[in-house]
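File shown here: start_2.txt, holding compact mmCIF, C-alpha atoms.
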# COMPACT_ATOMS: atom_id res chain seq x y z
CA MET A 134 4.49 20.32 -6.81
CA THR A 135 6.92 22.45 -4.92
CA ASP A 136 7.39 23.26 -1.31
CA ASP A 137 7.29 27.01 -1.84
CA GLN A 138 3.81 27.76 -3.22
CA THR A 139 2.41 30.48 -1.01
CA ARG A 140 1.29 34.06 -0.70
CA ASP A 141 3.65 36.41 1.09
CA GLU A 142 1.64 37.05 4.24
CA PRO A 143 3.07 37.87 7.64
CA PRO A 144 2.70 35.03 10.11
CA GLY A 145 0.53 35.81 13.10
CA ASP A 146 1.89 33.34 15.65
CA GLU A 147 4.64 33.66 18.22
CA HIS A 148 8.19 34.37 17.00
CA THR A 149 11.18 32.18 17.80
CA SER A 150 14.92 32.48 17.19
CA ALA A 151 16.60 33.05 13.80
CA GLY A 152 13.46 34.34 12.07
CA ARG A 153 11.60 31.12 12.72
CA VAL A 154 7.95 31.41 13.55
CA GLU A 155 5.78 28.73 15.11
CA GLU A 156 2.58 28.19 13.14
CA VAL A 157 -0.16 25.60 13.44
CA TRP A 158 -0.58 23.59 10.24
CA THR A 159 -2.85 20.67 9.36
CA PHE A 160 -1.38 17.41 8.07
CA ALA A 161 -3.35 16.39 4.96
CA GLY A 162 -1.63 13.05 4.20
CA ARG A 163 0.46 11.79 1.29
CA ARG A 164 0.29 13.00 -2.28
CA GLU A 165 1.92 11.84 -5.54
CA SER A 166 3.53 14.02 -8.18
CA ASP A 167 5.81 12.87 -11.01
CA GLY A 168 6.14 9.46 -9.39
CA LYS A 169 7.34 10.86 -6.06
CA ARG A 170 5.72 10.87 -2.64
CA TYR A 171 5.07 14.17 -0.89
CA TYR A 172 3.44 15.02 2.40
CA ALA A 173 0.64 17.56 2.08
CA TRP A 174 0.08 20.28 4.66
CA GLN A 175 -2.37 23.13 4.95
CA ASP A 176 -0.60 26.12 6.41
CA GLY A 177 -2.17 28.68 8.72
CA HIS A 178 -3.39 30.65 5.69
CA GLY A 179 -5.23 27.68 4.13
CA GLN A 180 -2.60 27.19 1.40
CA GLU A 181 -1.78 23.53 0.61
CA ARG A 182 1.96 22.86 0.58
CA TYR A 183 3.98 19.75 -0.28
CA TYR A 184 7.16 18.57 1.43
CA ALA A 185 9.24 15.48 0.78
CA LYS A 186 10.48 15.04 4.35
CA LEU A 187 7.97 16.66 6.71
CA SER A 188 5.62 13.82 7.65
CA ALA A 189 3.19 13.28 10.51
CA HIS A 190 0.92 10.50 11.74
CA THR A 191 -2.58 11.93 12.10
CA ILE A 192 -4.30 12.95 8.88
CA GLY A 193 -6.37 16.01 9.69
CA GLY A 194 -4.36 16.59 12.84
CA ARG A 195 -3.02 20.02 13.69
CA TYR A 196 0.69 20.36 14.31
CA ALA A 197 2.93 23.18 15.50
CA VAL A 198 5.77 23.67 13.00
CA LEU A 199 8.67 26.10 12.87
CA VAL A 200 8.58 28.16 9.67
CA THR A 201 10.65 30.84 7.96
CA ARG A 202 9.22 32.89 5.11
CA GLU A 203 11.26 34.71 2.50
CA GLY A 204 8.95 36.20 -0.10
CA ASP A 205 7.00 33.32 -1.62
CA ARG A 206 9.39 30.70 -0.26
CA VAL A 207 8.39 28.92 2.94
CA SER A 208 10.83 26.66 4.78
CA VAL A 209 9.85 24.35 7.59
CA TYR A 210 11.99 22.58 10.13
CA PRO A 211 11.79 18.80 10.52
CA GLU A 212 10.01 18.39 13.85
CA ALA A 213 6.24 18.84 13.81
CA ARG A 214 4.60 18.74 17.25
CA TYR A 215 1.04 17.38 17.48
CA THR A 216 -1.30 19.80 19.26
CA GLY A 217 -4.03 17.25 19.95
CA GLU A 218 -6.51 19.13 17.76
CA GLN A 219 -8.06 17.91 14.52
CA VAL A 220 -10.14 19.26 11.65
CA ASP A 221 -13.82 18.40 11.37
CA ASP A 222 -14.73 14.83 10.36
CA GLY A 223 -15.87 15.74 6.83
CA THR A 224 -12.58 17.48 6.00
CA ARG A 225 -10.63 14.64 7.57
CA ARG A 226 -12.48 12.07 5.42
CA GLU A 227 -11.62 14.05 2.27
CA MET A 228 -7.95 14.23 3.30
CA GLU A 229 -7.89 10.51 4.06
CA ALA A 230 -9.45 9.71 0.66
CA LEU A 231 -6.75 11.74 -1.12
CA ASP A 232 -4.09 10.00 0.99
CA ILE A 233 -5.45 6.55 0.08
CA ALA A 234 -5.57 7.49 -3.62
CA ALA A 235 -1.96 8.70 -3.52
CA SER A 236 -0.90 5.54 -1.69
CA ALA A 237 -2.56 3.37 -4.36
CA ILE A 238 -0.88 5.31 -7.18
CA LEU A 239 2.54 5.06 -5.50
CA ALA A 240 2.07 1.32 -4.85
CA ALA A 241 1.10 0.70 -8.49
CA GLN A 242 4.15 2.62 -9.67
CA ALA A 243 6.38 0.57 -7.33
CA ARG A 244 4.87 -2.69 -8.67
CA ASP A 245 5.51 -1.49 -12.22
CA ARG A 246 9.15 -0.66 -11.44
CA ASN A 247 9.64 -4.03 -9.72
CA ALA A 248 8.07 -5.92 -12.63
CA ALA A 249 10.31 -4.06 -15.08
CA ARG A 250 13.39 -5.13 -13.10
CA ARG A 251 12.32 -8.76 -13.09
CA LYS A 252 13.25 -10.51 -16.32
CA ALA A 253 11.37 -13.55 -17.58
CA LEU A 254 14.61 -15.12 -18.76
CA ASP A 255 16.07 -14.82 -15.26
CA ASP A 256 13.01 -16.63 -13.92
CA ALA A 257 13.48 -19.43 -16.48
CA VAL A 258 17.19 -19.85 -15.66
CA GLN A 259 16.71 -19.74 -11.86
CA PRO A 260 16.04 -23.50 -11.41
CA LEU A 261 19.22 -24.30 -13.36
CA ALA A 262 21.21 -21.83 -11.24
CA GLU A 263 19.91 -23.52 -8.09
CA ILE A 264 21.07 -26.92 -9.39
CA ALA A 265 24.48 -25.53 -10.39
CA ALA A 266 24.94 -24.00 -6.92
CA LYS A 267 24.68 -27.50 -5.39
CA LEU A 268 27.52 -28.89 -7.53
CA ARG A 269 30.69 -29.02 -5.49
CA PHE A 270 33.46 -29.48 -8.02
CA GLY A 271 34.48 -27.54 -11.10
CA HIS A 272 34.32 -30.57 -13.39
CA GLU A 273 30.70 -31.21 -12.24
CA ARG A 274 29.75 -27.62 -13.03
CA ASP A 275 31.53 -27.83 -16.40
CA ALA A 276 29.66 -31.03 -17.29
CA PHE A 277 26.34 -29.53 -16.21
CA LEU A 278 26.97 -26.34 -18.20
CA ALA A 279 27.97 -28.38 -21.27
CA TYR A 280 24.74 -30.35 -20.95
CA VAL A 281 22.65 -27.16 -20.74
CA ILE A 282 24.43 -25.64 -23.74
CA ARG A 283 23.89 -28.82 -25.79
CA ARG A 284 20.19 -28.89 -24.90
CA LEU A 285 19.72 -25.23 -25.75
CA SER A 286 21.55 -25.49 -29.08
CA GLN A 287 20.01 -28.82 -30.29
CA ARG A 288 17.43 -27.15 -32.52
CA TRP A 289 19.80 -24.61 -34.10

Kindly transcribe the structure held in the file into structure tokens.
Amino acid sequence: MTDDQTRDEPPGDEHTSAGRVEEVWTFAGRRESDGKRYYAWQDGHGQERYYAKLSAHTIGGRYAVLVTREGDRVSVYPEARYTGEQVDDGTRREMEALDIAASAILAAQARDRNAARRKALDDAVQPLAEIAAKLRFGHERDAFLAYVIRRLSQRW
């Protein structure tokens, strides 16, 4: 997914400074692509667009955004202003379902990454590390470590 998938159509809303145009877009919720989270928007032309940093709160809500268009590339500026309007309930339910699905996929991927970072051996050694942390003197730690090494190497 990219943030510049669009037709080159002239915007029809009011113009602002530096070639920026205010358009009313609809926030469609989160989406997942290649393990990354994107925020989906439907622009004023009905084209779905994905941005990594342009989020909003109300799925199906209409927001005024500042936009510049250069050919097929569309850039938006970080502040989206809620207009108080929303899409119809059926469309909003579809958007919310896609948002929930993306959220579940992203959460599963995060759990997978976290599980991969957690090593079973680290879990097994953790109680010994907690005991060693309570030992105050070097000779106590040395004796404890020698004991652990002896126990581990007994069957070799």

Checklist line | Exercise: Ala230 of chain A partners within 12 Å, all atoms listed in the file, chain neighbours under 6 positions left out, as an MDAnalysis selection string | finding: chainID A and resid 161:164 192:193 223:224 236:237

Notebook entry, point to check: Which distance in Å separates atom CA of Arg226 of chain A and atom CA of Tyr184 of chain A, to one decimal?
Noted result: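 Computing it gives 21.1 Å between the two atoms.
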
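Atom pair atom CA of Arg195 of chain A / atom CA of Val157 of chain A: separated by 6.3 Å.
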
Check: Between A:Gly177, A:Gly152, A:Gly168, A:Gly271, which is the closest to Glu203 of chain A once you count all atoms listed in the file?
Finding: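 Selected residue with least distance to Glu203 of chain A: A:Gly152.
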
Item checked: Atom-to-atom span, atom CA of Arg225 of chain A and atom CA of Ala185 of chain A, Å ->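 For atom CA of Arg225 of chain A relative to atom CA of Ala185 of chain A, the distance reads 21.0 Å.
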
Margin query: From the options A:Arg182, A:Tyr210, A:Lys169, A:Val220, which residue's atoms come nearest to Gly194 of chain A, counting all atoms listed in the file?
Written below: A:Val220

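In this comparison, which uses only C-alpha atoms, the residue of A:His190, A:His178, A:Arg274, A:Arg153 approaching Arg202 of chain A most closely is A:Arg153.
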
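Residues with any atom within 8 Å of Val198 of chain A, counting only C-alpha atoms and excluding same-chain neighbours fewer than 5 positions away, are Glu155, Glu156, Val157, Trp158, Val209, Tyr210, Glu212, Ala213 and Arg214 of chain A.
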
Margin query: Counting only C-alpha atoms, which residue out of A:Phe160, A:Arg170, A:Arg246, A:Lys186 sits closest to Ala234 of chain A?
Written below: A:Arg170

Notebook entry, point to check: Using all atoms listed in the file, which of A:Glu165, A:Gln175, A:Trp289, A:Val154 sits nearest Gln242 of chain A?
Noted result: A:Glu165
